[in-house]
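This is entry.cif. It holds mmCIF, C-alpha atoms and all ligand atoms.
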data_run
#
loop_
_atom_site.label_atom_id
_atom_site.label_comp_id
_atom_site.auth_asym_id
_atom_site.auth_seq_id
_atom_site.Cartn_x
_atom_site.Cartn_y
_atom_site.Cartn_z
CA MET A 1 110.18 114.32 81.38
CA ASN A 2 106.53 113.27 81.81
CA LYS A 3 105.04 112.81 85.25
CA PRO A 4 105.66 109.25 86.46
CA ILE A 5 102.82 106.75 86.76
CA ASN A 6 102.10 106.56 90.47
CA LEU A 7 101.14 103.27 92.09
CA ALA A 8 99.44 102.85 95.46
CA ILE A 9 99.72 99.36 96.87
CA LEU A 10 97.05 97.99 99.22
CA GLY A 11 97.76 94.94 101.37
CA SER A 12 96.60 93.18 104.51
CA GLY A 13 99.29 90.75 105.52
CA ASN A 14 102.83 89.66 104.99
CA GLY A 15 103.55 91.98 102.09
CA THR A 16 105.86 89.84 99.95
CA ASN A 17 104.14 90.98 96.76
CA ALA A 18 104.22 94.62 97.88
CA GLN A 19 107.97 94.31 98.44
CA GLN A 20 108.60 92.59 95.11
CA ILE A 21 106.62 95.22 93.20
CA SER A 22 108.38 98.06 95.03
CA GLU A 23 111.82 96.57 94.34
CA TYR A 24 110.98 95.95 90.68
CA PHE A 25 110.13 99.63 90.13
CA ALA A 26 112.72 101.08 92.55
CA ASP A 27 115.14 102.26 89.84
CA ARG A 28 112.53 103.51 87.42
CA ASP A 29 111.83 107.17 86.74
CA ASP A 30 108.60 106.50 84.85
CA VAL A 31 106.81 104.46 87.54
CA LYS A 32 106.78 105.15 91.29
CA VAL A 33 105.28 103.29 94.24
CA VAL A 34 104.02 106.32 96.17
CA CYS A 35 102.48 104.58 99.19
CA ILE A 36 101.59 101.29 100.79
CA ILE A 37 98.21 101.20 102.50
CA TYR A 38 97.30 98.46 104.96
CA ASN A 39 94.18 97.61 106.93
CA LYS A 40 95.52 95.39 109.73
CA LYS A 41 97.40 97.24 112.42
CA ASP A 42 100.02 94.55 113.10
CA ALA A 43 100.52 93.50 109.45
CA TYR A 44 104.16 92.83 108.54
CA ILE A 45 103.64 94.77 105.31
CA ALA A 46 104.08 97.96 107.39
CA GLN A 47 107.56 96.88 108.45
CA ARG A 48 108.45 96.02 104.85
CA ALA A 49 107.32 99.49 103.73
CA LYS A 50 109.56 101.02 106.38
CA ASN A 51 112.54 98.91 105.25
CA LEU A 52 111.90 99.96 101.66
CA GLY A 53 111.63 103.63 102.62
CA ILE A 54 108.11 103.87 101.21
CA GLU A 55 105.42 105.87 102.98
CA SER A 56 102.82 103.61 104.52
CA HIS A 57 99.48 104.33 106.14
CA TYR A 58 97.01 102.28 108.18
CA PHE A 59 93.33 102.78 107.41
CA GLY A 60 90.43 101.06 109.20
CA ARG A 61 86.99 100.00 108.05
CA ASN A 62 85.45 103.45 108.53
CA ASP A 63 88.12 105.10 106.40
CA PHE A 64 87.32 102.74 103.53
CA TYR A 65 83.55 102.41 103.70
CA VAL A 66 82.16 105.45 105.52
CA SER A 67 84.43 108.48 105.19
CA ASN A 68 86.49 109.49 102.21
CA ALA A 69 89.77 109.20 104.14
CA VAL A 70 91.40 106.60 101.90
CA LEU A 71 90.29 108.29 98.69
CA ASP A 72 91.47 111.67 99.93
CA TYR A 73 94.86 110.16 100.76
CA LEU A 74 95.11 108.46 97.34
CA HIS A 75 94.37 111.78 95.63
CA GLU A 76 96.88 113.58 97.84
CA LYS A 77 99.52 111.03 96.80
CA GLN A 78 98.43 111.53 93.16
CA ALA A 79 97.95 107.80 92.71
CA ASP A 80 97.13 106.75 89.14
CA TRP A 81 96.70 103.02 89.75
CA ILE A 82 95.85 100.87 92.76
CA ILE A 83 97.55 97.51 93.13
CA LEU A 84 95.93 94.97 95.45
CA ALA A 85 98.71 92.76 96.81
CA GLY A 86 97.04 90.43 99.27
CA PHE A 87 94.33 92.96 100.18
CA LEU A 88 91.38 91.10 101.66
CA TRP A 89 88.45 93.53 101.77
CA LEU A 90 85.97 94.30 99.04
CA ILE A 91 86.85 97.52 97.21
CA PRO A 92 84.20 100.19 97.88
CA GLU A 93 82.13 101.49 94.98
CA SER A 94 83.50 105.03 95.44
CA MET A 95 87.05 103.75 94.86
CA LEU A 96 86.00 101.77 91.78
CA GLN A 97 84.47 104.93 90.37
CA ALA A 98 87.52 107.05 91.17
CA PHE A 99 89.86 104.48 89.56
CA PRO A 100 87.83 102.93 86.73
CA ASN A 101 89.70 99.91 85.28
CA ARG A 102 92.75 101.11 87.19
CA ILE A 103 92.73 98.65 90.07
CA ILE A 104 94.70 95.42 89.62
CA ASN A 105 94.41 92.37 91.87
CA ILE A 106 96.31 89.12 92.17
CA HIS A 107 94.51 85.95 93.18
CA PRO A 108 96.37 82.74 94.12
CA ALA A 109 94.31 80.37 91.95
CA LEU A 110 93.08 79.92 88.41
CA LEU A 111 89.92 82.04 88.50
CA PRO A 112 87.01 81.45 88.18
CA LEU A 113 88.07 78.41 90.21
CA TYR A 114 88.59 78.97 93.93
CA GLY A 115 87.47 82.59 93.94
CA GLY A 116 84.81 84.55 95.79
CA LYS A 117 84.14 85.41 99.40
CA GLY A 118 86.28 83.56 101.94
CA MET A 119 88.66 82.27 99.25
CA TYR A 120 91.92 84.02 99.96
CA GLY A 121 95.51 83.18 100.85
CA HIS A 122 95.92 79.87 102.61
CA HIS A 123 92.21 78.99 102.38
CA VAL A 124 92.64 78.72 98.62
CA HIS A 125 95.61 76.35 98.87
CA GLU A 126 93.84 74.20 101.47
CA ALA A 127 90.82 73.80 99.19
CA VAL A 128 92.94 73.04 96.11
CA VAL A 129 94.90 70.34 97.95
CA ALA A 130 91.77 68.89 99.61
CA ASN A 131 90.16 68.53 96.17
CA HIS A 132 93.23 66.72 94.76
CA GLU A 133 93.55 69.21 91.92
CA LYS A 134 96.32 68.48 89.40
CA GLU A 135 97.12 72.13 88.81
CA SER A 136 96.71 75.56 90.30
CA GLY A 137 98.20 78.95 89.56
CA ILE A 138 97.71 82.71 89.72
CA THR A 139 95.28 85.11 88.13
CA ILE A 140 96.00 88.80 87.70
CA HIS A 141 92.88 90.76 86.88
CA ILE A 142 91.21 94.13 86.76
CA VAL A 143 88.95 94.73 89.76
CA ASP A 144 85.29 95.50 89.26
CA ASN A 145 82.30 95.25 91.56
CA ASN A 146 82.10 91.46 91.31
CA TYR A 147 84.42 89.76 93.76
CA ASP A 148 87.27 88.04 91.80
CA ARG A 149 85.46 88.39 88.47
CA GLY A 150 87.01 91.35 86.61
CA THR A 151 88.76 91.02 83.25
CA THR A 152 91.69 88.61 83.39
CA LEU A 153 95.03 90.14 82.37
CA PHE A 154 97.20 87.08 82.92
CA GLN A 155 97.27 83.54 84.29
CA ALA A 156 100.20 81.23 85.05
CA ARG A 157 99.95 77.59 86.09
CA CYS A 158 101.83 75.16 88.30
CA THR A 159 101.36 71.45 88.88
CA VAL A 160 99.94 70.17 92.15
CA THR A 161 101.39 66.78 93.05
CA PRO A 162 99.94 64.23 95.50
CA ASP A 163 102.77 65.17 97.90
CA ASP A 164 101.86 68.84 97.97
CA THR A 165 100.56 70.35 101.18
CA PRO A 166 98.93 73.80 101.40
CA ASP A 167 102.35 75.11 102.49
CA THR A 168 104.33 73.66 99.58
CA LEU A 169 101.65 74.82 97.16
CA ALA A 170 101.82 78.30 98.69
CA GLU A 171 105.57 78.33 97.95
CA LYS A 172 104.97 77.43 94.30
CA ILE A 173 102.33 80.16 94.02
CA HIS A 174 104.62 82.75 95.62
CA LEU A 175 107.30 81.94 93.03
CA LEU A 176 104.79 82.52 90.22
CA GLU A 177 103.68 85.77 91.85
CA LYS A 178 107.27 86.97 92.12
CA GLU A 179 108.03 86.08 88.52
CA HIS A 180 104.94 87.60 86.95
CA PHE A 181 103.05 90.18 89.02
CA PRO A 182 105.47 93.13 88.69
CA ARG A 183 105.95 92.49 84.95
CA VAL A 184 102.20 92.26 84.27
CA ILE A 185 101.63 95.51 86.19
CA ASP A 186 104.39 97.17 84.16
CA ARG A 187 102.91 96.00 80.87
CA THR A 188 99.34 96.93 81.81
CA ILE A 189 99.98 100.44 83.09
CA ASN A 190 102.21 101.25 80.13
CA ALA A 191 99.68 100.01 77.59
CA ARG A 192 97.14 102.71 78.51
C1 LIG A 201 99.14 86.30 97.91
O1 LIG A 201 99.37 84.93 97.67
C2 LIG A 201 97.96 86.77 97.08
O2 LIG A 201 97.83 86.12 95.87
C3 LIG A 201 96.81 86.46 97.98
O3 LIG A 201 97.26 86.76 99.27
C4 LIG A 201 98.68 86.51 99.34
C5 LIG A 201 99.32 87.70 99.99
O4 LIG A 201 100.67 87.46 100.26
N1 LIG A 201 95.64 87.23 97.62
C6 LIG A 201 94.39 86.80 97.79
O5 LIG A 201 94.11 85.72 98.26
C7 LIG A 201 93.33 87.77 97.28
N2 LIG A 201 92.05 87.15 97.23
P1 LIG A 201 101.66 88.67 100.55
O6 LIG A 201 100.99 89.60 101.57
O7 LIG A 201 102.86 88.01 101.15
O8 LIG A 201 101.94 89.37 99.27
#
Show how you would write the structure in this file as structure tokens.
Ligand code: GAR
Amino acid sequence: MNKPINLAILGSGNGTNAQQISEYFADRDDVKVVCIIYNKKDAYIAQRAKNLGIESHYFGRNDFYVSNAVLDYLHEKQADWIILAGFLWLIPESMLQAFPNRIINIHPALLPLYGGKGMYGHHVHEAVVANHEKESGITIHIVDNNYDRGTTLFQARCTVTPDDTPDTLAEKIHLLEKEHFPRVIDRTINAR
């Protein structure tokens, strides 16, 4: 059998997407989640990794932007693709070069709307609700050196009603993420 396609997941927070992706691929021989990397010491994603029995590793700013610690670890784990699942730092140039067109991000809005610096997680939903938008959604895209601008792989939409709050909108977005993110990853990595 061929070597499996190895995924490294990077996250910063709660880790629901990391868990959903890991569970989706858990029974597969051809795709493996080999590690979950996080950059906030107390992030719940670390606990989820533990529960899932997946190796996890904390790396700080220096490890990403100054030394090669993260890249060395990714190579040691033989990662083929990087999946950003709620990861909130800009990806360093060295990582983009080491994984050209092999880094996938999910953004909780219909890019190019509500993207760019400072637009992440709850901030996105607050802005969408404050602007009385009629719809929002998710964008799954390839990461390049422009924040939230790489090639779009997939978008899904949901309605935003006048009753929606940032919290209820977040729930709708999480449902879309659960339904689509693992499947889009599967399709993308197997198309190469
Ligand atoms: C997700 O909604 C994801 O789309 C968003 O952060 C959340 C992480 O939730 N990502 C961004 O805003 C990236 N700019 P999770 O940690 O529970 O998966």
Requested in this report: Would you please work out which residue, of A:Ala130, A:Leu88, A:Leu175, A:Ala46, is nearest to ligand LIG 201 (chain A) when using all atoms listed in the file?
Outcome: A:Leu88
Query raised in the report: Which residue gives the smallest distance to ligand LIG 201 (chain A) among A:Ile106, A:Cys35, A:Ala43, A:Ala79, with only C-alpha atoms and all ligand atoms counted?
Result: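 Once distances to ligand LIG 201 (chain A) are computed over only C-alpha atoms and all ligand atoms, the minimum belongs to A:Ile106.
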Using all atoms listed in the file, what table do you get, as a Markdown table, when you list each residue of chain A with an atom no more than 9 Å from ligand LIG 201 (chain A), its nearest pair of atoms, and their distance in Å rounded to one decimal, rows by chain then rising number?
| residue | atom | partner | partner_atom | distance |
| --- | --- | --- | --- | --- |
| A:Gly11 | CA | A:LIG201 | O6 | 6.2 |
| A:Ser12 | CA | A:LIG201 | O6 | 6.4 |
| A:Gly13 | CA | A:LIG201 | O6 | 4.5 |
| A:Asn14 | CA | A:LIG201 | O6 | 3.9 |
| A:Gly15 | CA | A:LIG201 | O6 | 3.5 |
| A:Thr16 | CA | A:LIG201 | O7 | 3.7 |
| A:Asn17 | CA | A:LIG201 | O8 | 3.7 |
| A:Ala18 | CA | A:LIG201 | O8 | 5.9 |
| A:Gln19 | CA | A:LIG201 | O8 | 7.8 |
| A:Gln20 | CA | A:LIG201 | O8 | 8.5 |
| A:Ala43 | CA | A:LIG201 | O6 | 8.8 |
| A:Tyr44 | CA | A:LIG201 | O6 | 8.3 |
| A:Ile45 | CA | A:LIG201 | O6 | 6.9 |
| A:Leu84 | CA | A:LIG201 | C7 | 7.9 |
| A:Ala85 | CA | A:LIG201 | O8 | 5.3 |
| A:Gly86 | CA | A:LIG201 | C5 | 3.6 |
| A:Phe87 | CA | A:LIG201 | C7 | 6.0 |
| A:Leu88 | CA | A:LIG201 | C7 | 5.8 |
| A:Trp89 | CA | A:LIG201 | N2 | 8.6 |
| A:Asn105 | CA | A:LIG201 | C7 | 7.2 |
| A:Ile106 | CA | A:LIG201 | O2 | 5.0 |
| A:His107 | CA | A:LIG201 | O2 | 4.3 |
| A:Pro108 | CA | A:LIG201 | O2 | 4.1 |
| A:Ala109 | CA | A:LIG201 | O2 | 7.8 |
| A:Gly115 | CA | A:LIG201 | N2 | 7.3 |
| A:Gly116 | CA | A:LIG201 | N2 | 7.8 |
| A:Lys117 | CA | A:LIG201 | N2 | 8.4 |
| A:Gly118 | CA | A:LIG201 | N2 | 8.3 |
| A:Met119 | CA | A:LIG201 | N2 | 6.3 |
| A:Tyr120 | CA | A:LIG201 | O5 | 3.3 |
| A:Gly121 | CA | A:LIG201 | O5 | 3.9 |
| A:His122 | CA | A:LIG201 | O5 | 7.5 |
| A:His123 | CA | A:LIG201 | O5 | 8.1 |
| A:Val124 | CA | A:LIG201 | O5 | 7.2 |
| A:Ile138 | CA | A:LIG201 | O2 | 7.0 |
| A:Thr139 | CA | A:LIG201 | O2 | 8.2 |
| A:Ile140 | CA | A:LIG201 | O2 | 8.8 |
| A:Tyr147 | CA | A:LIG201 | N2 | 8.8 |
| A:Asp148 | CA | A:LIG201 | N2 | 7.3 |
| A:Ala170 | CA | A:LIG201 | O1 | 7.1 |
| A:Ile173 | CA | A:LIG201 | O1 | 6.7 |
| A:His174 | CA | A:LIG201 | O1 | 6.0 |
| A:Glu177 | CA | A:LIG201 | O2 | 7.1 |
Just the selected residues (C-alpha atoms), exported as a compact mmCIF listing (two decimals), keeping the file's coordinate frame, please.
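Wrote it out as part14.txt, contents follow:
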# COMPACT_ATOMS: atom_id res chain seq x y z
CA GLY A 11 97.76 94.94 101.37
CA SER A 12 96.60 93.18 104.51
CA GLY A 13 99.29 90.75 105.52
CA ASN A 14 102.83 89.66 104.99
CA GLY A 15 103.55 91.98 102.09
CA THR A 16 105.86 89.84 99.95
CA ASN A 17 104.14 90.98 96.76
CA ALA A 18 104.22 94.62 97.88
CA GLN A 19 107.97 94.31 98.44
CA GLN A 20 108.60 92.59 95.11
CA ALA A 43 100.52 93.50 109.45
CA TYR A 44 104.16 92.83 108.54
CA ILE A 45 103.64 94.77 105.31
CA LEU A 84 95.93 94.97 95.45
CA ALA A 85 98.71 92.76 96.81
CA GLY A 86 97.04 90.43 99.27
CA PHE A 87 94.33 92.96 100.18
CA LEU A 88 91.38 91.10 101.66
CA TRP A 89 88.45 93.53 101.77
CA ASN A 105 94.41 92.37 91.87
CA ILE A 106 96.31 89.12 92.17
CA HIS A 107 94.51 85.95 93.18
CA PRO A 108 96.37 82.74 94.12
CA ALA A 109 94.31 80.37 91.95
CA GLY A 115 87.47 82.59 93.94
CA GLY A 116 84.81 84.55 95.79
CA LYS A 117 84.14 85.41 99.40
CA GLY A 118 86.28 83.56 101.94
CA MET A 119 88.66 82.27 99.25
CA TYR A 120 91.92 84.02 99.96
CA GLY A 121 95.51 83.18 100.85
CA HIS A 122 95.92 79.87 102.61
CA HIS A 123 92.21 78.99 102.38
CA VAL A 124 92.64 78.72 98.62
CA ILE A 138 97.71 82.71 89.72
CA THR A 139 95.28 85.11 88.13
CA ILE A 140 96.00 88.80 87.70
CA TYR A 147 84.42 89.76 93.76
CA ASP A 148 87.27 88.04 91.80
CA ALA A 170 101.82 78.30 98.69
CA ILE A 173 102.33 80.16 94.02
CA HIS A 174 104.62 82.75 95.62
CA GLU A 177 103.68 85.77 91.85
Query raised in the report: What is the distance, in Å and to one decimal place, between atom CA of A:Asp164 and atom CA of A:His180?
Result: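 About the pair atom CA of A:Asp164 and atom CA of A:His180: they are 22.0 Å apart.
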Hey, could you make a per-residue contact list for stretch 28-56 of chain A against stretch 72-76 of chain A with 12 Å as the cut-off, showing the nearest pair of atoms and its distance in Å to one decimal, counting all atoms listed in the file, sorted by chain and number, as JSON lines?
{"residue": "A:Val33", "atom": "CA", "partner": "A:Leu74", "partner_atom": "CA", "distance": 11.8}
{"residue": "A:Val34", "atom": "CA", "partner": "A:Leu74", "partner_atom": "CA", "distance": 9.2}
{"residue": "A:Cys35", "atom": "CA", "partner": "A:Leu74", "partner_atom": "CA", "distance": 8.5}
{"residue": "A:Ile36", "atom": "CA", "partner": "A:Leu74", "partner_atom": "CA", "distance": 10.3}
{"residue": "A:Ile37", "atom": "CA", "partner": "A:Leu74", "partner_atom": "CA", "distance": 9.4}
{"residue": "A:Glu55", "atom": "CA", "partner": "A:Tyr73", "partner_atom": "CA", "distance": 11.6}
{"residue": "A:Ser56", "atom": "CA", "partner": "A:Tyr73", "partner_atom": "CA", "distance": 11.0}
Give the centre and edge lengths of an axis-aligned box, in Å to one decimal, that holds all listed atoms of stretch 1-10 of chain A with 4 Å on each side, as lines of an AutoDock Vina configuration file.
center_x = 103.6
center_y = 106.2
center_z = 90.3
size_x = 21.1
size_y = 24.3
size_z = 25.8
Report task. Tell me, in Å to one decimal, how far atom CA of A:Leu90 is from atom CA of A:Arg102. Result ->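 Atom CA of A:Arg102 lies at a distance of 15.3 Å from atom CA of A:Leu90.
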Excluding A:Tyr58 and any residue of its chain fewer than 5 positions from it, enumerate the residues within 7 Å of it, using all atoms listed in the file, and give them as a PDB file with C-alpha atoms, in the frame of the given file.
ATOM      1  CA  ILE A  37      98.210 101.200 102.500  1.00  0.00           C
ATOM      2  CA  TYR A  38      97.300  98.460 104.960  1.00  0.00           C
ATOM      3  CA  ASN A  39      94.180  97.610 106.930  1.00  0.00           C
ATOM      4  CA  LYS A  41      97.400  97.240 112.420  1.00  0.00           C
TER       5      LYS A  41
END
Query raised in the report: Out of A:Ile103, A:Gln97, A:Arg61, A:Ile83, which residue has the shortest atom-to-atom distance to A:Thr151 when counting only C-alpha atoms?
Result: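 The shortest atom-to-atom distance to A:Thr151 comes from A:Ile103.
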Query raised in the report: Quick one: of A:Ile21, A:Ile104, A:Val31, A:Leu110, who's nearest to A:Asn190, counting all atoms listed in the file?
Result: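 Answer, going by the shortest atom-to-atom distance: A:Val31.
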Query raised in the report: Which of these residues is nearest to A:Val66, using only C-alpha atoms: A:Glu93, A:Asp29, A:Glu171, A:Thr188?
Result: A:Glu93
Query - Nearest to A:Ile91, chosen from A:Ile185, A:Val128, A:Val143, A:Val160, with only C-alpha atoms counted in the distances - result: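 Distance minimum relative to A:Ile91 lands on A:Val143.
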Query - d(atom CA of A:Leu7, atom CA of A:Trp81) in Å - result: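 Here the two named atoms are 5.0 Å from each other.
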Requested in this report: Just the residues within 12 Å of A:Ser67, please, counting all atoms listed in the file, with nothing from its chain fewer than 6 positions along; format it as a list of chain:residue names.
Outcome: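 So, after excluding close chain neighbours, the residues are A:Phe59, A:Gly60, A:Arg61, A:Tyr73, A:Pro92, A:Ser94, A:Met95.
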Could you give me stretch 4-21 of chain A completed to N, CA, C and O atoms, formatted as a short mmCIF file (atom, residue, chain, number, x, y, z; two decimals), in the frame of the given file?
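Writing done, so here's out_0.cif:
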data_model
loop_
_atom_site.label_atom_id
_atom_site.label_comp_id
_atom_site.auth_asym_id
_atom_site.auth_seq_id
_atom_site.Cartn_x
_atom_site.Cartn_y
_atom_site.Cartn_z
N PRO A 4 105.67 110.71 86.37
CA PRO A 4 105.66 109.25 86.46
C PRO A 4 104.25 108.71 86.72
O PRO A 4 103.37 109.44 87.17
N ILE A 5 104.07 107.43 86.41
CA ILE A 5 102.82 106.75 86.76
C ILE A 5 102.95 106.34 88.22
O ILE A 5 103.90 105.64 88.59
N ASN A 6 102.01 106.82 89.03
CA ASN A 6 102.10 106.56 90.47
C ASN A 6 101.24 105.38 90.89
O ASN A 6 100.04 105.32 90.58
N LEU A 7 101.86 104.45 91.61
CA LEU A 7 101.14 103.27 92.09
C LEU A 7 100.93 103.37 93.60
O LEU A 7 101.85 103.71 94.34
N ALA A 8 99.72 103.03 94.02
CA ALA A 8 99.44 102.85 95.46
C ALA A 8 99.17 101.37 95.67
O ALA A 8 98.36 100.78 94.95
N ILE A 9 99.90 100.79 96.60
CA ILE A 9 99.72 99.36 96.87
C ILE A 9 98.87 99.19 98.13
O ILE A 9 99.09 99.87 99.13
N LEU A 10 97.88 98.30 98.06
CA LEU A 10 97.05 97.99 99.22
C LEU A 10 97.29 96.54 99.62
O LEU A 10 97.25 95.64 98.76
N GLY A 11 97.54 96.30 100.90
CA GLY A 11 97.76 94.94 101.37
C GLY A 11 97.20 94.75 102.77
O GLY A 11 96.84 95.73 103.45
N SER A 12 97.15 93.49 103.18
CA SER A 12 96.60 93.18 104.51
C SER A 12 97.51 92.32 105.36
O SER A 12 97.21 92.10 106.53
N GLY A 13 98.59 91.79 104.77
CA GLY A 13 99.29 90.75 105.52
C GLY A 13 100.79 90.85 105.48
O GLY A 13 101.40 91.86 105.84
N ASN A 14 101.38 89.82 104.96
CA ASN A 14 102.83 89.66 104.99
C ASN A 14 103.57 90.65 104.09
O ASN A 14 104.64 91.14 104.41
N GLY A 15 102.98 90.94 102.94
CA GLY A 15 103.55 91.98 102.09
C GLY A 15 104.67 91.55 101.15
O GLY A 15 105.40 92.40 100.64
N THR A 16 104.78 90.24 100.88
CA THR A 16 105.86 89.84 99.95
C THR A 16 105.63 90.43 98.56
O THR A 16 106.58 90.90 97.92
N ASN A 17 104.41 90.41 98.09
CA ASN A 17 104.14 90.98 96.76
C ASN A 17 104.40 92.48 96.75
O ASN A 17 104.98 93.01 95.80
N ALA A 18 103.98 93.16 97.80
CA ALA A 18 104.22 94.62 97.88
C ALA A 18 105.72 94.90 97.78
O ALA A 18 106.14 95.82 97.07
N GLN A 19 106.51 94.10 98.48
CA GLN A 19 107.97 94.31 98.44
C GLN A 19 108.52 94.04 97.04
O GLN A 19 109.34 94.82 96.52
N GLN A 20 108.08 92.94 96.44
CA GLN A 20 108.60 92.59 95.11
C GLN A 20 108.24 93.66 94.07
O GLN A 20 109.07 94.01 93.23
N ILE A 21 107.03 94.17 94.15
CA ILE A 21 106.62 95.22 93.20
C ILE A 21 107.46 96.49 93.44
O ILE A 21 107.96 97.11 92.50
#
